[in-house]
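Chemist: The structure that follows is given in the form of structure tokens.
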Amino acid sequence: MDNVIKGVHGALPEDRYLRPENPVTLRQLEWFQDQKLALMMHWGIYSQLGMVESWALSDGDADWSRTGVDWETDAKSFKDGYVNLNKSFNPIRFQPDKWAKNAKLGGFKYLIFTTKHHDGFCLWDSKYTDYKTTHYSCPFSVNAKADIVAHVFESFRKQGLGIAAYFSKADWNTPYYWAKDQPKGEFMSRGPSYVPAENPELWEKFVNFTHNQIMELVTNYGKINILWFDAGWVGKRSGQDIKIEELLEKARKIQPWLLSADRMIGGIGENYITPEHSVPSQPIFVPWESCIPMGNGFAYSYDDNFKPVRRLLHLLIDIVAKGGNLALNVAPQPDGRLPWPALQRMEQMGKWLTKYGNAIYGTRVCEPYVIDNIAFTQKASQNKVYAIYTEKPEIGQEIFMPYSAKKTVKITNLTNNENVEFVQTDKGISIMITNLAEDYGGEHIAEIFELDVE
């Protein structure tokens with residue numbers, strides 16, 4: 001089954017989720033659900049052209065992925081040009097410390113970083129390929145920070161942020177996946193160029209190659225919290241068994257706390273589910289994380305359109321109220337800096353989260369979840385419920401909050417920490433607006449009320 005349409009993953013159906021039994025993994029999932037906001041970063045050779053990541057190599061995806069690039073029109077020339085982008089990748093203004101500091105100030109709690117996308121170009125010093133930033137064929141190899149993954153992970157750990165290593169299970173560079181002498185010829189699509197069951201020896205080489213690279217990352221690159229496996233078409237159901245269970249067992253002998261996001265596969269390898277470019281209409285009652293770009297796409301794009309601060313924070317509020325995390329993607333520029341519009345938005349998000357983060361971080365779902373422009377979250381152990389009103393009200397306006405699950409004994413307006421008078425019935429709570437929250441990035445975000453319940 002193909003779970004990707006135009007490069008976009010859907011979400012694993014909730015009823016196919018297999019809850020882990022390992023108590024260490026369960027504790028880590030609680031940690032994960034506390035974090036709420038991740039900085040996702042897609043960066044690679046494709047960034048130089050401002051085009052979609054990797055997909056242009058797949059002839060089966062040519063109709064949508066090769067637009068906007070003024071190259072030769074024949075497929076072979078196009079793909080040769082893409083593959084050779086490693087010879088011009090030279091981000092001499094690479095700033096991992098600034099990335100990490102901006103992420104911390106922006107309220108992000110963990111990083112999801114592309115160690116390798118489908119094109120197979122590695123941003124770490126893998127000894128199993130020459131297609132990497134540290135090989136002499138790449139001009140960045142002479143830079144002191146040529147092992148990009150090492151420096152990114154170190155910088156973000158220094159800021160106290162968690163680490164998720166994004167890793168594509170497909171690799172369109174290695175001859176173990178796209179073999180040059182296979183009968184399918186020049187046309188390549190997402191899957192391998194051969195049927196693994198018909199060439200088990202070659203497929204086993206690919207499995208070993210994949211395992212070796214993951215073990216490099218978990219052995220040589222410090223503490224990693226999450227292995228974030230992309231390429232949802234690679235799995236047992238499609239005849240592309242990379243023995244993920246065996247791989248995770250080996251990896252957890254070194255880092256027992258590792259979570260695994262084996263996208264769209266299900267089973268013990270998918271500890272949480274990952275809808276993409278979307279927010280579920282209803283709460284999901286298993287751990288989940290929605291990955292959404294700040295701009296139009298995940299890869300860097302020249303003259304990109306970045307979402308306003310209000311929309312970004314409303315995405316976060318909506319996702320958290322439905323039980324998920326937001327993985328917000330910001331793609332670095334080809335020179336290694338973050339785009340200034342993204343930095344502006346990160347700063348404003350951080351200011352808002354500094355003031356109102358109690359309603360976001362460490363919370364869980366609270367019925368009725370999201371209704372009538374009000375999102376609810378809670379910290380049950382503290383007897384706290386948060387009502388987040390996402391429209392801009394007027395002074396003197398009465399707001400009805402349909403919360404009646406527990407008796408409310410006190411309501412605080414977090415804008416000014418003043419007590420709010422209220423009336424609670426079996427239908428909900430009525431309050432009067434007497435103050436307005438300040439704007440962030442020139443936009444009104446929300447009114448936040450903290451309910452003490454018993």
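We label chains A, B, ... in the order they appear in the structure tokens, count residues from 1 in each chain, and number ligands from 1 in the order shown.
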Pick out each residue of region 284-361 of chain A that DSSP on the backbone tags as helix (DSSP H, G or I); I need them as an mmCIF file with N, CA, C and O atoms, in the first residue's frame.

Modeler:
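What ended up in selection_20.cif:
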data_model
loop_
_atom_site.group_PDB
_atom_site.id
_atom_site.type_symbol
_atom_site.label_atom_id
_atom_site.label_comp_id
_atom_site.auth_asym_id
_atom_site.auth_seq_id
_atom_site.Cartn_x
_atom_site.Cartn_y
_atom_site.Cartn_z
ATOM 1 N N VAL A 309 2.120 34.777 12.596
ATOM 2 C CA VAL A 309 2.301 34.296 13.973
ATOM 3 C C VAL A 309 0.977 33.790 14.551
ATOM 4 O O VAL A 309 0.925 32.743 15.207
ATOM 5 N N ARG A 310 -0.088 34.528 14.304
ATOM 6 C CA ARG A 310 -1.392 34.136 14.844
ATOM 7 C C ARG A 310 -1.796 32.746 14.352
ATOM 8 O O ARG A 310 -2.268 31.905 15.134
ATOM 9 N N ARG A 311 -1.599 32.507 13.058
ATOM 10 C CA ARG A 311 -1.973 31.198 12.510
ATOM 11 C C ARG A 311 -1.097 30.098 13.095
ATOM 12 O O ARG A 311 -1.575 28.994 13.397
ATOM 13 N N LEU A 312 0.187 30.374 13.264
ATOM 14 C CA LEU A 312 1.093 29.360 13.812
ATOM 15 C C LEU A 312 0.713 28.992 15.241
ATOM 16 O O LEU A 312 0.667 27.806 15.604
ATOM 17 N N LEU A 313 0.415 29.994 16.056
ATOM 18 C CA LEU A 313 0.047 29.708 17.437
ATOM 19 C C LEU A 313 -1.335 29.067 17.521
ATOM 20 O O LEU A 313 -1.573 28.206 18.373
ATOM 21 N N HIS A 314 -2.225 29.433 16.628
ATOM 22 C CA HIS A 314 -3.537 28.772 16.604
ATOM 23 C C HIS A 314 -3.412 27.312 16.175
ATOM 24 O O HIS A 314 -4.148 26.443 16.665
ATOM 25 N N LEU A 315 -2.480 27.022 15.265
ATOM 26 C CA LEU A 315 -2.195 25.628 14.927
ATOM 27 C C LEU A 315 -1.736 24.864 16.156
ATOM 28 O O LEU A 315 -2.190 23.754 16.430
ATOM 29 N N LEU A 316 -0.803 25.470 16.891
ATOM 30 C CA LEU A 316 -0.293 24.824 18.099
ATOM 31 C C LEU A 316 -1.412 24.593 19.112
ATOM 32 O O LEU A 316 -1.544 23.490 19.675
ATOM 33 N N ILE A 317 -2.220 25.598 19.339
ATOM 34 C CA ILE A 317 -3.321 25.476 20.304
ATOM 35 C C ILE A 317 -4.286 24.378 19.894
ATOM 36 O O ILE A 317 -4.694 23.536 20.716
ATOM 37 N N ASP A 318 -4.663 24.363 18.633
ATOM 38 C CA ASP A 318 -5.607 23.361 18.120
ATOM 39 C C ASP A 318 -5.044 21.954 18.271
ATOM 40 O O ASP A 318 -5.733 21.020 18.713
ATOM 41 N N ILE A 319 -3.781 21.785 17.917
ATOM 42 C CA ILE A 319 -3.140 20.471 17.988
ATOM 43 C C ILE A 319 -3.020 19.997 19.429
ATOM 44 O O ILE A 319 -3.333 18.841 19.758
ATOM 45 N N VAL A 320 -2.587 20.877 20.310
ATOM 46 C CA VAL A 320 -2.413 20.497 21.719
ATOM 47 C C VAL A 320 -3.754 20.136 22.349
ATOM 48 O O VAL A 320 -3.867 19.161 23.100
ATOM 49 N N ALA A 321 -4.803 20.896 22.025
ATOM 50 C CA ALA A 321 -6.127 20.607 22.578
ATOM 51 C C ALA A 321 -6.669 19.278 22.086
ATOM 52 O O ALA A 321 -7.544 18.689 22.732
ATOM 53 N N TRP A 340 15.132 35.268 7.762
ATOM 54 C CA TRP A 340 14.730 36.257 8.770
ATOM 55 C C TRP A 340 13.231 36.266 9.038
ATOM 56 O O TRP A 340 12.820 36.486 10.186
ATOM 57 N N PRO A 341 12.340 36.020 8.047
ATOM 58 C CA PRO A 341 10.916 35.962 8.407
ATOM 59 C C PRO A 341 10.612 34.838 9.405
ATOM 60 O O PRO A 341 9.736 34.979 10.254
ATOM 61 N N ALA A 342 11.343 33.730 9.285
ATOM 62 C CA ALA A 342 11.149 32.633 10.232
ATOM 63 C C ALA A 342 11.640 33.040 11.619
ATOM 64 O O ALA A 342 10.995 32.748 12.638
ATOM 65 N N LEU A 343 12.775 33.722 11.667
ATOM 66 C CA LEU A 343 13.312 34.159 12.958
ATOM 67 C C LEU A 343 12.351 35.128 13.649
ATOM 68 O O LEU A 343 12.170 35.070 14.873
ATOM 69 N N GLN A 344 11.758 36.025 12.880
ATOM 70 C CA GLN A 344 10.767 36.950 13.440
ATOM 71 C C GLN A 344 9.619 36.190 14.091
ATOM 72 O O GLN A 344 9.201 36.491 15.218
ATOM 73 N N ARG A 345 9.109 35.212 13.391
ATOM 74 C CA ARG A 345 7.969 34.458 13.896
ATOM 75 C C ARG A 345 8.347 33.616 15.101
ATOM 76 O O ARG A 345 7.573 33.503 16.057
ATOM 77 N N MET A 346 9.514 33.026 15.071
ATOM 78 C CA MET A 346 9.984 32.252 16.218
ATOM 79 C C MET A 346 10.100 33.129 17.460
ATOM 80 O O MET A 346 9.714 32.729 18.570
ATOM 81 N N GLU A 347 10.603 34.333 17.271
ATOM 82 C CA GLU A 347 10.741 35.250 18.412
ATOM 83 C C GLU A 347 9.384 35.584 19.016
ATOM 84 O O GLU A 347 9.207 35.575 20.243
ATOM 85 N N GLN A 348 8.404 35.907 18.165
ATOM 86 C CA GLN A 348 7.082 36.265 18.663
ATOM 87 C C GLN A 348 6.375 35.075 19.308
ATOM 88 O O GLN A 348 5.692 35.212 20.328
ATOM 89 N N MET A 349 6.545 33.898 18.721
ATOM 90 C CA MET A 349 5.975 32.703 19.333
ATOM 91 C C MET A 349 6.563 32.483 20.721
ATOM 92 O O MET A 349 5.851 32.144 21.674
ATOM 93 N N GLY A 350 7.874 32.686 20.839
ATOM 94 C CA GLY A 350 8.537 32.497 22.121
ATOM 95 C C GLY A 350 8.041 33.461 23.179
ATOM 96 O O GLY A 350 7.875 33.084 24.351
ATOM 97 N N LYS A 351 7.784 34.700 22.792
ATOM 98 C CA LYS A 351 7.271 35.683 23.754
ATOM 99 C C LYS A 351 5.898 35.257 24.265
ATOM 100 O O LYS A 351 5.607 35.363 25.464
ATOM 101 N N TRP A 352 5.049 34.789 23.344
ATOM 102 C CA TRP A 352 3.716 34.356 23.762
ATOM 103 C C TRP A 352 3.801 33.128 24.663
ATOM 104 O O TRP A 352 3.128 33.054 25.701
ATOM 105 N N LEU A 353 4.639 32.172 24.290
ATOM 106 C CA LEU A 353 4.749 30.940 25.073
ATOM 107 C C LEU A 353 5.415 31.176 26.425
ATOM 108 O O LEU A 353 5.135 30.470 27.394
ATOM 109 N N THR A 354 6.282 32.173 26.512
ATOM 110 C CA THR A 354 6.870 32.520 27.803
ATOM 111 C C THR A 354 5.786 32.951 28.782
ATOM 112 O O THR A 354 5.830 32.620 29.971
ATOM 113 N N LYS A 355 4.800 33.660 28.280
ATOM 114 C CA LYS A 355 3.738 34.165 29.160
ATOM 115 C C LYS A 355 2.622 33.145 29.380
ATOM 116 O O LYS A 355 2.069 33.044 30.481
ATOM 117 N N TYR A 356 2.300 32.371 28.340
ATOM 118 C CA TYR A 356 1.120 31.505 28.424
ATOM 119 C C TYR A 356 1.441 30.012 28.283
ATOM 120 O O TYR A 356 0.534 29.196 28.117
ATOM 121 N N GLY A 357 2.698 29.668 28.358
ATOM 122 C CA GLY A 357 3.107 28.280 28.146
ATOM 123 C C GLY A 357 2.510 27.286 29.109
ATOM 124 O O GLY A 357 2.420 26.090 28.790
ATOM 125 N N ASN A 358 2.082 27.745 30.289
ATOM 126 C CA ASN A 358 1.473 26.805 31.240
ATOM 127 C C ASN A 358 0.224 26.144 30.664
ATOM 128 O O ASN A 358 -0.140 25.033 31.060
ATOM 129 N N ALA A 359 -0.434 26.828 29.733
ATOM 130 C CA ALA A 359 -1.645 26.285 29.122
ATOM 131 C C ALA A 359 -1.332 25.317 27.987
ATOM 132 O O ALA A 359 -2.245 24.683 27.445
#

Chemist: Show which residues sit within 12 Å of Lys116 (chain A), as a CSV table (one decimal) with C-alpha atoms, in the first residue's frame. Count only C-alpha atoms, and ignore same-chain residues fewer than 3 positions away.

Modeler:
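File written: part.csv
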chain,number,residue,atom,x,y,z
A,41,MET,CA,14.5,21.2,9.9
A,42,HIS,CA,14.7,19.8,6.3
A,43,TRP,CA,18.1,20.7,4.9
A,44,GLY,CA,20.2,19.1,2.1
A,45,ILE,CA,21.6,19.5,-1.4
A,46,TYR,CA,18.1,20.4,-2.7
A,53,GLU,CA,13.3,17.8,-1.1
A,54,SER,CA,14.5,14.6,-3.0
A,112,ILE,CA,13.7,16.9,14.3
A,113,PHE,CA,16.7,17.1,12.0
A,119,ASP,CA,18.2,11.2,-2.0
A,120,GLY,CA,20.7,9.5,0.2
A,121,PHE,CA,23.0,12.5,0.9
A,122,CYS,CA,24.2,12.2,4.4
A,123,LEU,CA,24.8,15.2,6.7
A,124,TRP,CA,27.0,13.2,8.9
A,125,ASP,CA,30.4,11.4,8.5
A,126,SER,CA,29.0,8.0,7.6
A,129,THR,CA,28.9,6.0,1.8
A,131,TYR,CA,27.7,10.7,-0.7
A,132,LYS,CA,28.1,13.0,2.4
A,133,THR,CA,29.1,16.4,3.6
A,148,ILE,CA,26.7,18.8,10.3
A,149,VAL,CA,24.7,16.4,12.3
A,165,ALA,CA,17.1,12.0,14.2
A,166,TYR,CA,15.1,12.1,10.9
A,167,PHE,CA,16.3,9.2,8.7
A,168,SER,CA,14.8,8.1,5.4
A,169,LYS,CA,14.5,4.3,5.2
A,170,ALA,CA,14.6,4.7,1.4
A,171,ASP,CA,18.0,5.6,-0.1
A,172,TRP,CA,18.0,6.6,-3.8
A,173,ASN,CA,21.8,6.8,-4.0
A,210,THR,CA,20.5,0.8,6.8
A,213,GLN,CA,24.0,3.8,9.4
A,214,ILE,CA,21.4,3.9,12.2
A,217,LEU,CA,24.0,7.6,14.7
A,228,TRP,CA,12.2,9.5,13.1
A,229,PHE,CA,11.9,7.1,10.2
A,230,ASP,CA,10.5,8.5,7.0
A,231,ALA,CA,9.6,6.8,3.7

Chemist: Of the candidates A:Leu18, A:Leu57, A:Leu414, A:Ala164, which shows the shortest atom-to-atom distance to Gly269 (chain A), using only C-alpha atoms?

Modeler: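 Closest to Gly269 (chain A), using only C-alpha atoms: A:Leu18.
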
Chemist: Quick one: residues within 10 Å of region 297-301 of chain A, only C-alpha atoms, excluding same-chain residues fewer than 5 positions away - as a VMD selection string?

Modeler: chain A and resid 40 to 44 46 to 54 277 291 to 292 306 328 to 334 338 to 339

Chemist: What does the structure give for the distance between CA of Glu394 (chain A) and CA of Leu436 (chain A), in Å to one decimal?

Modeler: 7.8 Å

Chemist: Find the residues near Glu154 (chain A): any atom within 9 Å, counting only C-alpha atoms, skip ones fewer than 3 places away on the same chain, and give them as a list of chain:residue names.

Modeler: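 The contact residues come out as A:Pro96, A:Asp97, A:Val149, A:Ala150, A:His151, A:Arg157, A:Lys158, A:Gln159, A:Tyr221, A:Gly222.
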
Chemist: Determine, counting only C-alpha atoms, which protein, DNA and RNA residues have an atom within 9 Å of an atom of Lys36 (chain A); residues of the same chain fewer than 4 positions away are not included. Present the result as number ranges by chain.

Modeler: A: 32, 108-110, 289, 316, 319-320, 324-327, 360-363

Chemist: Please provide as a ChimeraX atom specification all residues within 12 Å of Phe449 (chain A), with the sequence filter that same-chain residues fewer than 2 positions apart are discarded (counting only C-alpha atoms).

Modeler: /A:356,358-359,374-378,384-390,399,401,408,410-422,429,431-433,435-437,446-447,451-452

Chemist: Go ahead and dump the residues you just picked, C-alpha atoms, as an mmCIF file, in the first residue's frame.

Modeler:
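Generated file (again07.cif):
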data_model
loop_
_atom_site.group_PDB
_atom_site.id
_atom_site.type_symbol
_atom_site.label_atom_id
_atom_site.label_comp_id
_atom_site.auth_asym_id
_atom_site.auth_seq_id
_atom_site.Cartn_x
_atom_site.Cartn_y
_atom_site.Cartn_z
ATOM 1 C CA TYR A 356 1.120 31.505 28.424
ATOM 2 C CA ASN A 358 1.473 26.805 31.240
ATOM 3 C CA ALA A 359 -1.645 26.285 29.122
ATOM 4 C CA ILE A 374 -12.376 27.769 22.767
ATOM 5 C CA ALA A 375 -9.650 25.171 23.168
ATOM 6 C CA PHE A 376 -9.362 23.296 26.456
ATOM 7 C CA THR A 377 -6.276 21.704 28.011
ATOM 8 C CA GLN A 378 -5.612 20.445 31.508
ATOM 9 C CA LYS A 384 -5.883 23.025 36.514
ATOM 10 C CA VAL A 385 -7.951 23.469 33.353
ATOM 11 C CA TYR A 386 -7.074 26.043 30.707
ATOM 12 C CA ALA A 387 -9.628 27.685 28.449
ATOM 13 C CA ILE A 388 -8.033 29.342 25.402
ATOM 14 C CA TYR A 389 -10.387 31.697 23.568
ATOM 15 C CA THR A 390 -8.949 32.209 20.081
ATOM 16 C CA ILE A 399 -18.124 34.499 26.998
ATOM 17 C CA MET A 401 -17.259 28.249 28.184
ATOM 18 C CA THR A 408 -14.656 25.323 39.226
ATOM 19 C CA LYS A 410 -11.468 29.951 40.815
ATOM 20 C CA ILE A 411 -10.716 31.467 37.415
ATOM 21 C CA THR A 412 -7.641 33.566 36.712
ATOM 22 C CA ASN A 413 -7.170 35.764 33.670
ATOM 23 C CA LEU A 414 -3.543 35.008 32.777
ATOM 24 C CA THR A 415 -3.279 38.298 30.897
ATOM 25 C CA ASN A 416 -3.062 40.196 34.198
ATOM 26 C CA ASN A 417 -3.275 37.431 36.839
ATOM 27 C CA GLU A 418 -6.558 38.878 38.137
ATOM 28 C CA ASN A 419 -9.408 36.754 39.464
ATOM 29 C CA VAL A 420 -12.404 36.529 37.145
ATOM 30 C CA GLU A 421 -15.987 36.512 38.362
ATOM 31 C CA PHE A 422 -17.975 33.633 36.891
ATOM 32 C CA ILE A 429 -19.292 28.715 32.734
ATOM 33 C CA ILE A 431 -17.505 35.088 32.374
ATOM 34 C CA MET A 432 -17.161 38.758 31.420
ATOM 35 C CA ILE A 433 -14.157 40.091 29.483
ATOM 36 C CA ASN A 435 -9.034 42.886 29.968
ATOM 37 C CA LEU A 436 -7.474 41.947 26.641
ATOM 38 C CA ALA A 437 -4.264 40.017 26.087
ATOM 39 C CA ALA A 446 -5.948 34.471 22.393
ATOM 40 C CA GLU A 447 -7.429 35.099 25.819
ATOM 41 C CA LEU A 451 -9.527 27.313 36.006
ATOM 42 C CA ASP A 452 -8.882 25.804 39.440
#

Chemist: Can you tell me which residues surround region 195-205 of chain A at a distance of at most 9 Å, considering only C-alpha atoms, apart from same-chain residues fewer than 6 positions away, and format the answer as a list in words?

Modeler: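 Listing them by chain and then by number gives Pro175, Tyr176, Tyr177, Ala179, Gly239, Gln240, Asp241 and Ile242 of chain A.
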
Chemist: Could you dump the residues just selected with N, CA, C and O atoms as a tab-separated table (two decimals), in the first residue's frame?

Modeler:
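Listing of result-v9.tsv after writing:
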chain	number	residue	atom	x	y	z
A	175	PRO	N	23.45	1.69	-4.46
A	175	PRO	CA	23.09	0.67	-5.46
A	175	PRO	C	22.37	-0.53	-4.85
A	175	PRO	O	21.88	-1.39	-5.58
A	176	TYR	N	22.27	-0.55	-3.53
A	176	TYR	CA	21.53	-1.64	-2.89
A	176	TYR	C	20.01	-1.41	-2.95
A	176	TYR	O	19.24	-2.32	-2.69
A	177	TYR	N	19.61	-0.17	-3.26
A	177	TYR	CA	18.18	0.15	-3.36
A	177	TYR	C	17.80	0.46	-4.80
A	177	TYR	O	16.90	-0.17	-5.36
A	179	ALA	N	19.45	-0.20	-7.85
A	179	ALA	CA	20.57	-0.88	-8.51
A	179	ALA	C	20.60	-0.50	-9.98
A	179	ALA	O	19.58	-0.45	-10.65
A	239	GLY	N	6.68	-5.58	0.96
A	239	GLY	CA	7.77	-6.49	0.60
A	239	GLY	C	9.14	-5.88	0.78
A	239	GLY	O	10.14	-6.40	0.26
A	240	GLN	N	9.22	-4.79	1.54
A	240	GLN	CA	10.49	-4.11	1.79
A	240	GLN	C	10.81	-4.15	3.29
A	240	GLN	O	10.88	-3.13	3.97
A	241	ASP	N	11.02	-5.34	3.78
A	241	ASP	CA	11.25	-5.54	5.21
A	241	ASP	C	12.69	-5.20	5.55
A	241	ASP	O	13.62	-5.90	5.14
A	242	ILE	N	12.89	-4.12	6.31
A	242	ILE	CA	14.25	-3.76	6.73
A	242	ILE	C	14.54	-4.21	8.17
A	242	ILE	O	15.52	-3.78	8.77

Chemist: For the atom pair CA of Phe156 (chain A) and CA of His117 (chain A), what is the interatomic distance in Å to one decimal place?

Modeler: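 Atom-to-atom, CA of Phe156 (chain A) and CA of His117 (chain A) are spaced 20.3 Å apart.
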